[in-house]
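This is my_file.pdb (PDB, C-alpha atoms and all ligand atoms).
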```pdb
MODEL        1
ATOM      1  CA  MET A   1      -3.754   3.582 -16.862
ATOM      2  CA  PRO A   2      -0.175   2.454 -17.515
ATOM      3  CA  ILE A   3       2.450   4.732 -16.021
ATOM      4  CA  SER A   4       5.684   5.097 -17.987
ATOM      5  CA  GLN A   5       9.209   5.173 -16.615
ATOM      6  CA  SER A   6       9.529   8.740 -17.921
ATOM      7  CA  GLN A   7       6.528   9.801 -15.801
ATOM      8  CA  ARG A   8       8.073   8.147 -12.723
ATOM      9  CA  ASP A   9      11.386   9.853 -13.459
ATOM     10  CA  ALA A  10       9.677  13.224 -13.994
ATOM     11  CA  LEU A  11       7.909  13.048 -10.639
ATOM     12  CA  TYR A  12      11.077  11.975  -8.855
ATOM     13  CA  HIS A  13      13.412  14.531 -10.466
ATOM     14  CA  ASP A  14      11.083  17.475 -11.211
ATOM     15  CA  GLY A  15       8.626  17.047  -8.326
ATOM     16  CA  ALA A  16       5.634  17.196 -10.669
ATOM     17  CA  VAL A  17       4.160  15.434 -13.679
ATOM     18  CA  LEU A  18       1.027  15.768 -15.804
ATOM     19  CA  ILE A  19      -1.096  12.620 -15.980
ATOM     20  CA  GLU A  20      -3.286  13.072 -19.062
ATOM     21  CA  ASN A  21      -6.745  11.446 -19.123
ATOM     22  CA  CYS A  22      -6.338  10.298 -15.532
ATOM     23  CA  LEU A  23     -10.021  10.702 -14.638
ATOM     24  CA  ASN A  24     -13.010   9.644 -16.755
ATOM     25  CA  GLU A  25     -16.330  11.527 -16.960
ATOM     26  CA  SER A  26     -17.867   9.668 -14.064
ATOM     27  CA  HIS A  27     -14.814  10.275 -11.818
ATOM     28  CA  LEU A  28     -14.862  13.948 -12.776
ATOM     29  CA  SER A  29     -18.539  14.341 -12.083
ATOM     30  CA  GLU A  30     -18.189  12.697  -8.646
ATOM     31  CA  CYS A  31     -15.231  14.943  -7.853
ATOM     32  CA  TYR A  32     -17.074  18.069  -9.012
ATOM     33  CA  ASP A  33     -20.103  17.125  -6.879
ATOM     34  CA  ALA A  34     -17.746  16.771  -3.903
ATOM     35  CA  LEU A  35     -16.229  20.194  -4.584
ATOM     36  CA  LYS A  36     -19.656  21.841  -4.895
ATOM     37  CA  TRP A  37     -20.778  20.162  -1.678
ATOM     38  CA  ALA A  38     -17.684  21.473   0.096
ATOM     39  CA  VAL A  39     -18.350  25.020  -1.152
ATOM     40  CA  ALA A  40     -21.932  24.807   0.137
ATOM     41  CA  ASN A  41     -20.756  23.297   3.455
ATOM     42  CA  PRO A  42     -17.539  25.148   4.349
ATOM     43  CA  SER A  43     -15.388  24.116   7.278
ATOM     44  CA  PRO A  44     -15.188  26.431  10.316
ATOM     45  CA  SER A  45     -11.674  27.421   9.160
ATOM     46  CA  VAL A  46     -12.566  28.306   5.550
ATOM     47  CA  PHE A  47      -9.969  30.867   4.450
ATOM     48  CA  ARG A  48     -11.050  34.508   4.349
ATOM     49  CA  GLY A  49      -7.652  36.205   4.653
ATOM     50  CA  LEU A  50      -7.573  37.666   1.133
ATOM     51  CA  ASP A  51     -11.273  38.503   0.762
ATOM     52  CA  GLY A  52     -11.758  41.947  -0.750
ATOM     53  CA  THR A  53      -8.210  41.985  -2.185
ATOM     54  CA  ALA A  54      -6.944  41.291  -5.702
ATOM     55  CA  LEU A  55      -6.090  37.747  -4.611
ATOM     56  CA  GLN A  56      -9.570  36.785  -3.377
ATOM     57  CA  THR A  57      -9.911  33.000  -3.610
ATOM     58  CA  HIS A  58     -12.196  30.602  -1.793
ATOM     59  CA  ILE A  59      -9.782  28.180  -0.099
ATOM     60  CA  ASP A  60     -10.849  25.467   2.300
ATOM     61  CA  ASN A  61      -8.294  22.974   3.574
ATOM     62  CA  CYS A  62      -9.188  19.612   5.126
ATOM     63  CA  ASN A  63     -12.897  20.106   5.716
ATOM     64  CA  LEU A  64     -13.762  17.409   8.230
ATOM     65  CA  LEU A  65     -17.452  17.758   7.321
ATOM     66  CA  ALA A  66     -16.508  16.216   3.966
ATOM     67  CA  LYS A  67     -14.154  13.534   5.324
ATOM     68  CA  ASP A  68     -16.395  10.459   5.169
ATOM     69  CA  LYS A  69     -17.678  11.331   1.691
ATOM     70  CA  LEU A  70     -14.179  11.936   0.352
ATOM     71  CA  ASP A  71     -12.656   8.871   2.014
ATOM     72  CA  ASP A  72     -15.328   6.771   0.264
ATOM     73  CA  LEU A  73     -14.890   8.589  -3.032
ATOM     74  CA  MET A  74     -11.141   7.889  -3.023
ATOM     75  CA  MET A  75     -11.904   4.154  -3.111
ATOM     76  CA  ARG A  76     -13.607   4.702  -6.503
ATOM     77  CA  LEU A  77     -10.883   6.872  -8.066
ATOM     78  CA  PRO A  78      -7.662   5.579  -9.647
ATOM     79  CA  PHE A  79      -5.256   7.315  -7.236
ATOM     80  CA  GLY A  80      -4.301   4.307  -5.097
ATOM     81  CA  LYS A  81      -2.967   2.423  -8.106
ATOM     82  CA  LEU A  82      -1.598   5.585  -9.715
ATOM     83  CA  PHE A  83       0.591   6.521  -6.742
ATOM     84  CA  GLN A  84       1.581   2.890  -6.153
ATOM     85  CA  GLU A  85       3.010   2.882  -9.677
ATOM     86  CA  LEU A  86       4.420   6.394  -9.654
ATOM     87  CA  TRP A  87       6.265   5.878  -6.374
ATOM     88  CA  GLY A  88       6.830   2.127  -6.368
ATOM     89  CA  SER A  89       5.131   2.086  -2.945
ATOM     90  CA  GLU A  90       3.411  -1.043  -1.690
ATOM     91  CA  HIS A  91       0.774   0.965   0.189
ATOM     92  CA  VAL A  92      -1.008   4.245  -0.488
ATOM     93  CA  TRP A  93      -3.131   6.234   1.960
ATOM     94  CA  TYR A  94      -5.421   9.202   1.431
ATOM     95  CA  TYR A  95      -4.721  12.238   3.631
ATOM     96  CA  ALA A  96      -7.341  14.946   2.864
ATOM     97  CA  GLU A  97      -8.445  17.567   0.350
ATOM     98  CA  GLU A  98      -8.173  21.292  -0.288
ATOM     99  CA  ILE A  99     -10.324  23.372  -2.626
ATOM    100  CA  PHE A 100      -9.420  26.535  -4.540
ATOM    101  CA  ILE A 101     -12.181  28.541  -6.248
ATOM    102  CA  LYS A 102     -11.205  31.490  -8.445
ATOM    103  CA  GLU A 103     -14.060  33.283 -10.201
ATOM    104  CA  GLY A 104     -14.846  36.491 -12.069
ATOM    105  CA  GLY A 105     -11.550  36.596 -14.017
ATOM    106  CA  LYS A 106      -9.923  38.825 -11.419
ATOM    107  CA  SER A 107      -8.195  36.737  -8.785
ATOM    108  CA  GLY A 108      -4.429  37.188  -8.974
ATOM    109  CA  ARG A 109      -1.784  34.504  -8.502
ATOM    110  CA  GLY A 110      -1.729  32.541  -5.283
ATOM    111  CA  PRO A 111       1.447  33.058  -3.233
ATOM    112  CA  TRP A 112       4.260  30.606  -3.984
ATOM    113  CA  HIS A 113       4.619  28.174  -1.099
ATOM    114  CA  GLN A 114       5.482  24.645   0.011
ATOM    115  CA  ASP A 115       2.692  22.702   1.719
ATOM    116  CA  THR A 116       5.313  21.218   4.050
ATOM    117  CA  ALA A 117       5.707  24.635   5.705
ATOM    118  CA  ASN A 118       2.458  24.035   7.546
ATOM    119  CA  LEU A 119       1.995  20.279   7.324
ATOM    120  CA  PRO A 120       4.202  17.976   9.447
ATOM    121  CA  TRP A 121       5.481  15.812   6.609
ATOM    122  CA  ALA A 122       8.785  14.371   5.446
ATOM    123  CA  GLY A 123       9.738  11.730   2.879
ATOM    124  CA  GLU A 124       9.511  11.037  -0.834
ATOM    125  CA  HIS A 125       6.039   9.481  -0.949
ATOM    126  CA  TRP A 126       3.774  12.493  -0.724
ATOM    127  CA  GLY A 127       1.575  13.597  -3.605
ATOM    128  CA  ASN A 128      -1.023  16.232  -4.384
ATOM    129  CA  ALA A 129      -3.415  15.416  -7.220
ATOM    130  CA  TRP A 130      -4.524  18.781  -8.657
ATOM    131  CA  ILE A 131      -7.877  18.399 -10.428
ATOM    132  CA  THR A 132      -9.659  21.187 -12.309
ATOM    133  CA  PHE A 133     -13.084  21.084 -13.882
ATOM    134  CA  GLN A 134     -12.577  23.774 -16.548
ATOM    135  CA  PRO A 135     -10.102  23.715 -19.436
ATOM    136  CA  ILE A 136      -7.155  25.784 -18.192
ATOM    137  CA  PRO A 137      -4.573  27.433 -20.470
ATOM    138  CA  LYS A 138      -0.951  27.017 -19.397
ATOM    139  CA  GLN A 139      -0.698  30.669 -18.343
ATOM    140  CA  ASN A 140      -3.562  30.228 -15.827
ATOM    141  CA  SER A 141      -2.518  26.841 -14.495
ATOM    142  CA  LEU A 142      -0.663  25.581 -11.443
ATOM    143  CA  GLU A 143       3.042  26.518 -11.518
ATOM    144  CA  ILE A 144       5.791  24.484  -9.899
ATOM    145  CA  ILE A 145       9.497  25.193  -9.484
ATOM    146  CA  ARG A 146      11.236  22.194 -10.992
ATOM    147  CA  GLY A 147      13.238  20.144  -8.486
ATOM    148  CA  SER A 148      12.368  22.308  -5.464
ATOM    149  CA  HIS A 149      10.816  19.303  -3.665
ATOM    150  CA  HIS A 150      14.389  18.127  -2.997
ATOM    151  CA  GLY A 151      15.484  21.594  -1.892
ATOM    152  CA  ILE A 152      15.375  23.508   1.366
ATOM    153  CA  GLN A 153      12.320  24.184   3.479
ATOM    154  CA  TYR A 154      11.339  27.842   3.351
ATOM    155  CA  ASP A 155       9.070  29.603   5.805
ATOM    156  CA  GLY A 156       5.449  29.432   4.716
ATOM    157  CA  ALA A 157       3.443  32.190   3.060
ATOM    158  CA  SER A 158       0.981  33.730   5.480
ATOM    159  CA  PHE A 159      -1.514  34.238   2.599
ATOM    160  CA  MET A 160      -2.492  37.381   4.521
ATOM    161  CA  SER A 161      -0.785  40.044   2.413
ATOM    162  CA  ALA A 162      -1.905  40.869  -1.107
ATOM    163  CA  ASP A 163       1.157  43.142  -1.398
ATOM    164  CA  ASP A 164       3.861  40.758  -0.257
ATOM    165  CA  PRO A 165       3.482  37.071  -1.184
ATOM    166  CA  THR A 166       6.551  36.257   0.953
ATOM    167  CA  ASP A 167       4.919  37.547   4.157
ATOM    168  CA  PRO A 168       6.024  34.717   6.475
ATOM    169  CA  LEU A 169       3.849  32.216   8.274
ATOM    170  CA  TYR A 170       6.206  31.912  11.277
ATOM    171  CA  GLY A 171       8.815  34.646  10.882
ATOM    172  CA  ASP A 172      10.677  33.132  13.846
ATOM    173  CA  GLY A 173      13.933  32.332  12.039
ATOM    174  CA  THR A 174      13.386  28.564  11.880
ATOM    175  CA  TYR A 175      13.201  28.616   8.089
ATOM    176  CA  PRO A 176      14.482  31.213   5.594
ATOM    177  CA  ARG A 177      11.907  33.611   4.197
ATOM    178  CA  LEU A 178      10.412  32.650   0.839
ATOM    179  CA  PRO A 179      12.187  34.128  -2.191
ATOM    180  CA  HIS A 180      10.157  36.712  -4.146
ATOM    181  CA  ILE A 181       9.744  34.440  -7.169
ATOM    182  CA  ASP A 182       7.334  36.713  -9.069
ATOM    183  CA  ARG A 183       9.679  39.680  -8.768
ATOM    184  CA  ASP A 184      12.672  37.566  -9.790
ATOM    185  CA  LEU A 185      10.786  36.234 -12.809
ATOM    186  CA  ALA A 186       9.661  39.723 -13.842
ATOM    187  CA  GLU A 187      13.305  40.846 -13.798
ATOM    188  CA  ASN A 188      14.687  37.693 -15.410
ATOM    189  CA  PRO A 189      12.313  35.046 -16.806
ATOM    190  CA  ALA A 190      15.113  32.475 -16.594
ATOM    191  CA  SER A 191      15.709  33.051 -12.863
ATOM    192  CA  TRP A 192      13.467  30.135 -11.844
ATOM    193  CA  ASP A 193      12.673  26.952 -13.767
ATOM    194  CA  VAL A 194       8.847  26.976 -13.798
ATOM    195  CA  LEU A 195       6.807  23.961 -14.843
ATOM    196  CA  SER A 196       3.125  24.210 -15.825
ATOM    197  CA  TRP A 197       0.703  22.563 -18.183
ATOM    198  CA  ALA A 198      -2.513  23.428 -20.015
ATOM    199  CA  ILE A 199      -5.285  21.256 -18.622
ATOM    200  CA  THR A 200      -8.119  19.437 -20.335
ATOM    201  CA  PRO A 201     -10.601  18.227 -17.687
ATOM    202  CA  GLY A 202      -9.618  14.658 -16.819
ATOM    203  CA  ASP A 203      -5.910  15.575 -16.749
ATOM    204  CA  VAL A 204      -4.360  15.685 -13.279
ATOM    205  CA  VAL A 205      -1.186  17.461 -12.174
ATOM    206  CA  VAL A 206       0.629  15.354  -9.590
ATOM    207  CA  LEU A 207       3.146  17.224  -7.457
ATOM    208  CA  HIS A 208       5.228  16.609  -4.384
ATOM    209  CA  PRO A 209       3.881  19.038  -1.741
ATOM    210  CA  HIS A 210       7.396  20.139  -0.716
ATOM    211  CA  SER A 211       7.682  21.686  -4.230
ATOM    212  CA  LEU A 212       7.452  25.450  -4.413
ATOM    213  CA  HIS A 213       4.144  25.962  -6.199
ATOM    214  CA  GLY A 214       1.387  28.493  -6.707
ATOM    215  CA  GLY A 215      -1.714  28.986  -8.823
ATOM    216  CA  ALA A 216      -1.384  31.461 -11.697
ATOM    217  CA  PRO A 217      -4.059  34.187 -11.947
ATOM    218  CA  VAL A 218      -7.370  33.811 -13.734
ATOM    219  CA  ASP A 219      -8.164  36.432 -16.403
ATOM    220  CA  ALA A 220     -10.758  37.451 -18.987
ATOM    221  CA  ASN A 221      -9.839  34.483 -21.192
ATOM    222  CA  CYS A 222     -10.014  31.997 -18.296
ATOM    223  CA  PRO A 223     -12.265  33.659 -15.698
ATOM    224  CA  THR A 224     -13.141  30.596 -13.615
ATOM    225  CA  ARG A 225     -11.037  27.869 -12.050
ATOM    226  CA  HIS A 226     -12.566  25.359  -9.681
ATOM    227  CA  THR A 227      -9.863  23.083  -8.280
ATOM    228  CA  LEU A 228      -9.996  20.077  -5.991
ATOM    229  CA  VAL A 229      -6.637  19.000  -4.566
ATOM    230  CA  VAL A 230      -6.460  15.574  -2.954
ATOM    231  CA  ARG A 231      -3.353  14.536  -1.013
ATOM    232  CA  PHE A 232      -1.839  11.074  -0.620
ATOM    233  CA  PHE A 233       1.124   9.384   1.025
ATOM    234  CA  GLY A 234       2.927   6.061   0.736
ATOM    235  CA  ASP A 235       5.486   3.864   2.466
ATOM    236  CA  ASP A 236       8.266   6.492   2.473
ATOM    237  CA  ALA A 237       6.375   9.138   4.461
ATOM    238  CA  GLN A 238       7.422  10.305   7.914
ATOM    239  CA  PHE A 239       6.159  12.651  10.585
ATOM    240  CA  ARG A 240       8.237  15.770  11.275
ATOM    241  CA  THR A 241       7.534  18.485  13.810
ATOM    242  CA  LEU A 242       6.702  22.066  12.898
ATOM    243  CA  PRO A 243       7.907  25.252  14.659
ATOM    244  CA  GLU A 244       6.241  25.931  18.014
ATOM    245  CA  SER A 245       5.937  29.687  17.448
ATOM    246  CA  HIS A 246       2.564  29.702  15.699
ATOM    247  CA  PRO A 247      -0.191  28.260  17.901
ATOM    248  CA  ARG A 248      -2.205  26.929  14.955
ATOM    249  CA  TYR A 249       0.701  24.853  13.601
ATOM    250  CA  ALA A 250       2.813  24.177  16.718
ATOM    251  CA  ARG A 251       4.519  20.765  16.454
ATOM    252  CA  ASN A 252       1.590  18.860  14.942
ATOM    253  CA  GLY A 253       0.211  21.072  12.176
ATOM    254  CA  PRO A 254      -3.365  22.295  11.925
ATOM    255  CA  PHE A 255      -5.171  19.000  11.219
ATOM    256  CA  PHE A 256      -5.578  15.623  12.976
ATOM    257  CA  LYS A 257      -3.778  17.124  15.965
ATOM    258  CA  GLU A 258      -4.556  14.290  18.391
ATOM    259  CA  GLU A 259      -3.270  11.674  15.974
ATOM    260  CA  MET A 260      -0.148  13.715  15.172
ATOM    261  CA  ALA A 261       0.605  14.193  18.869
ATOM    262  CA  LYS A 262       1.153  10.414  19.093
ATOM    263  CA  LEU A 263       3.963  10.506  16.500
ATOM    264  CA  ASN A 264       7.626  11.315  17.088
ATOM    265  CA  PRO A 265       9.957  12.950  14.556
ATOM    266  CA  GLY A 266      10.997  10.384  11.944
ATOM    267  CA  ASP A 267       8.177   7.953  12.750
ATOM    268  CA  PRO A 268       6.450   6.429   9.736
ATOM    269  CA  PHE A 269       3.455   8.640   8.959
ATOM    270  CA  ARG A 270       0.681   6.222   9.880
ATOM    271  CA  SER A 271      -2.652   6.562  11.667
ATOM    272  CA  PRO A 272      -5.946   4.738  11.481
ATOM    273  CA  VAL A 273      -7.577   8.086  10.762
ATOM    274  CA  PHE A 274      -6.254   7.924   7.172
ATOM    275  CA  ARG A 275      -8.004   5.674   4.666
ATOM    276  CA  GLN A 276      -5.714   3.047   3.144
ATOM    277  CA  LEU A 277      -6.380   2.763  -0.597
ATOM    278  CA  VAL A 278      -3.991  -0.078  -1.441
TER
HETATM  279  O1  LIG B 301      -4.704  25.821  -7.072
HETATM  280  C1  LIG B 301      -4.055  26.702  -6.507
HETATM  281  O2  LIG B 301      -4.229  27.898  -6.735
HETATM  282  C2  LIG B 301      -2.987  26.327  -5.505
HETATM  283  C3  LIG B 301      -2.840  24.849  -5.314
HETATM  284  C4  LIG B 301      -2.037  24.471  -4.135
HETATM  285  O3  LIG B 301      -1.510  25.284  -3.417
HETATM  286  C5  LIG B 301      -1.878  23.052  -3.821
HETATM  287  O4  LIG B 301      -2.195  22.182  -4.645
HETATM  288  O5  LIG B 301      -1.378  22.756  -2.712
ENDMDL
END
```
As a first step, turn the structure in this file into structure tokens.
Ligand SMILES: O=C(O)CCC(=O)C(=O)O
Amino acid sequence: MPISQSQRDALYHDGAVLIENCLNESHLSECYDALKWAVANPSPSVFRGLDGTALQTHIDNCNLLAKDKLDDLMMRLPFGKLFQELWGSEHVWYYAEEIFIKEGGKSGRGPWHQDTANLPWAGEHWGNAWITFQPIPKQNSLEIIRGSHHGIQYDGASFMSADDPTDPLYGDGTYPRLPHIDRDLAENPASWDVLSWAITPGDVVVLHPHSLHGGAPVDANCPTRHTLVVRFFGDDAQFRTLPESHPRYARNGPFFKEEMAKLNPGDPFRSPVFRQLV
């Protein structure tokens, strides 16, 4: 799959790009099997914070029960080569997955956030590949604030308040509170520069995880969205520490804590726990 200079430029400048026809039918079916397996075998920390609210979504981040399967699957998917070309990185590693299941046409938009609020990452070579298995109209798709991956780090979204999507993860003053992007957009649609794309299964949205992003709601016209997000890093990826105030995230983030504890701020983000793809 040849990557054009305009796609490289878009990822670098906008923080996100659509890669059309990235996955073939066999890739998609392997990915969908992996997602269904992960739903049937949730991790102990599967997210329940918004159950019973208008934002109910099944979210499971970095399910270690699925790690071996997914590490092997990544060797059969085109992401190693894709990110090598998009970034111009000699090496590409696979980090882990996250799944988002919205069903019944009722789940509202996911809070805007940056993944780097709760993951100890710095550098240019980080990428989420956002894969959905249903056709998704633009209005129900992932939304990204153009260029925000080169902007400031905001506090995270707690994902615990259906009423206030800016409810902070730390709230300790380390990072400024998230802006209320939905409210701003309702008042002035030009207040934020929002990128999103309609998806035909096989298309993949690639985004830098420091980008402000959030999933738009599902609705009667698009009642179901099953999404597998797989995360990658390359040569220009460093470890950075997280605020100490929240015990789940203190210094090392919530995942691979022992491996992260061995890294110092600014160290290249490397550990044998992550599968090298190229
Ligand atoms: O699919 C969604 O609703 C959100 C996706 C997301 O937060 C991510 O890709 O990190």
**OP:** Could you list the residues chosen by the PyMOL selection byres (((chain A and resi 90) around 8) and not hetatm) in this structure as number ranges by chain?
**Re:** A: 84, 88-89, 91-92, 234-235, 278
Original post:
With only C-alpha atoms as the atoms that count, which of A:Pro254, A:Gly105, A:Pro179, A:Pro120 lies nearest to His210 in chain A?
Top reply: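 Distance minimum relative to His210 in chain A lands on A:Pro120.
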Original post:
Between A:Thr174, A:Asn264, A:Asn128, A:Gln276, which is the closest to ligand LIG 301 (chain B) once you count all atoms listed in the file?
Top reply: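 Result for the nearest residue to ligand LIG 301 (chain B): A:Asn128.
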**OP:** Identify, counting all atoms listed in the file, the protein, DNA and RNA residues located within 7 Å of ligand LIG 301 (chain B), and give them as JSON, numbers by chain.
**Re:** {"A": [100, 110, 115, 128, 130, 142, 209, 213, 214, 215, 216, 227, 229]}
Original post:
Rounded to one decimal in Å, what is the spacing between CA of Ile101 in chain A and CA of His58 in chain A?
Top reply: 4.9 Å
Would you list the contacts of His226 in chain A as a PDB file with C-alpha atoms, in the frame of the given file, taking every protein, DNA or RNA residue within 10 Å and counting all atoms listed in the file, but skipping same-chain residues closer than 4 positions in sequence?
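Below is the file out.pdb, written as the result:
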```pdb
ATOM      1  CA  TYR A  32     -17.074  18.069  -9.012  1.00  0.00           C
ATOM      2  CA  LEU A  35     -16.229  20.194  -4.584  1.00  0.00           C
ATOM      3  CA  LYS A  36     -19.656  21.841  -4.895  1.00  0.00           C
ATOM      4  CA  HIS A  58     -12.196  30.602  -1.793  1.00  0.00           C
ATOM      5  CA  ILE A  99     -10.324  23.372  -2.626  1.00  0.00           C
ATOM      6  CA  PHE A 100      -9.420  26.535  -4.540  1.00  0.00           C
ATOM      7  CA  ILE A 101     -12.181  28.541  -6.248  1.00  0.00           C
ATOM      8  CA  LYS A 102     -11.205  31.490  -8.445  1.00  0.00           C
ATOM      9  CA  GLU A 103     -14.060  33.283 -10.201  1.00  0.00           C
ATOM     10  CA  ILE A 131      -7.877  18.399 -10.428  1.00  0.00           C
ATOM     11  CA  THR A 132      -9.659  21.187 -12.309  1.00  0.00           C
ATOM     12  CA  PHE A 133     -13.084  21.084 -13.882  1.00  0.00           C
ATOM     13  CA  GLN A 134     -12.577  23.774 -16.548  1.00  0.00           C
TER      14      GLN A 134
END
```
Original post:
What does the distance from CA of Lys106 in chain A to CA of Leu50 in chain A come to in Å, to one decimal?
Top reply: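 Pair CA of Lys106 in chain A / CA of Leu50 in chain A returns 12.8 Å.
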**OP:** Write out as JSON, numbers by chain which residues come within 9 Å of Asp164 in chain A when counting only C-alpha atoms, dropping same-chain ones fewer than 4 positions away.
**Re:** {"A": [111, 159, 160, 180]}
So that I have them on file, write out the residues from the current selection with C-alpha atoms, as a short mmCIF file (atom, residue, chain, number, x, y, z; two decimals), keeping the file's coordinate frame.
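Result file is out_26.cif:
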```cif
data_model
loop_
_atom_site.label_atom_id
_atom_site.label_comp_id
_atom_site.auth_asym_id
_atom_site.auth_seq_id
_atom_site.Cartn_x
_atom_site.Cartn_y
_atom_site.Cartn_z
CA PRO A 111 1.45 33.06 -3.23
CA PHE A 159 -1.51 34.24 2.60
CA MET A 160 -2.49 37.38 4.52
CA HIS A 180 10.16 36.71 -4.15
#
```
I need the residue set behind the PyMOL selection byres (((chain A and resi 78) around 10) and not hetatm) for this file; please write it as a tab-separated table (two decimals) with C-alpha atoms, keeping the file's coordinate frame.
```tsv
chain	number	residue	atom	x	y	z
A	1	MET	CA	-3.75	3.58	-16.86
A	22	CYS	CA	-6.34	10.30	-15.53
A	23	LEU	CA	-10.02	10.70	-14.64
A	24	ASN	CA	-13.01	9.64	-16.76
A	27	HIS	CA	-14.81	10.28	-11.82
A	74	MET	CA	-11.14	7.89	-3.02
A	75	MET	CA	-11.90	4.15	-3.11
A	76	ARG	CA	-13.61	4.70	-6.50
A	77	LEU	CA	-10.88	6.87	-8.07
A	79	PHE	CA	-5.26	7.32	-7.24
A	80	GLY	CA	-4.30	4.31	-5.10
A	81	LYS	CA	-2.97	2.42	-8.11
A	82	LEU	CA	-1.60	5.58	-9.72
A	83	PHE	CA	0.59	6.52	-6.74
A	277	LEU	CA	-6.38	2.76	-0.60
```
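Residues lying within 8 Å of Glu97 in chain A, counting only C-alpha atoms and ignoring same-chain neighbours fewer than 4 positions away, are Asn61, Cys62, Asn63, Leu228, Val229, Val230 and Arg231 of chain A.
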**OP:** Select, from A:Ala16, A:Leu73, A:Ile136, A:Ala186, the residue with the minimum atom-to-atom distance to Pro217 in chain A, counting all atoms listed in the file.
**Re:**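 Ranking A:Ala16, A:Leu73, A:Ile136, A:Ala186 by distance to Pro217 in chain A, first place goes to A:Ile136.
Using all atoms listed in the file, the shortest contact distance between Tyr12 in chain A and any of A:Arg240, A:Arg48, A:His150, A:Arg275 is found at A:His150.
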Original post:
So what does the PyMOL selection byres (((chain A and resi 219) around 8) and not hetatm) actually pick up in this one, as number ranges by chain?
Top reply: A: 104-107, 140, 217-218, 220-223
Subject >> Nearest to Asn252 in chain A, chosen from A:Ala34, A:Leu18, A:Leu86, A:Ala117, with only C-alpha atoms counted in the distances >> reply: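 Among A:Ala34, A:Leu18, A:Leu86, A:Ala117, it is A:Ala117 that comes nearest to Asn252 in chain A.
Note that the spacing between CA of Tyr154 in chain A and CA of Pro44 in chain A amounts to 27.5 Å.
Nearest to His125 in chain A of all the residues A:Lys257, A:His13, A:Arg270, A:His208 is A:His208, counting all atoms listed in the file.
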**OP:** Could you please give me, as number ranges by chain, the residues of protein, DNA or RNA lying at most 12 Å from (-4.9, 14.4, 14.2) in the coordinate frame of the file, considering all atoms listed in the file?
**Re:** A: 62, 64, 95-96, 119-120, 239, 249, 251-263, 269-274
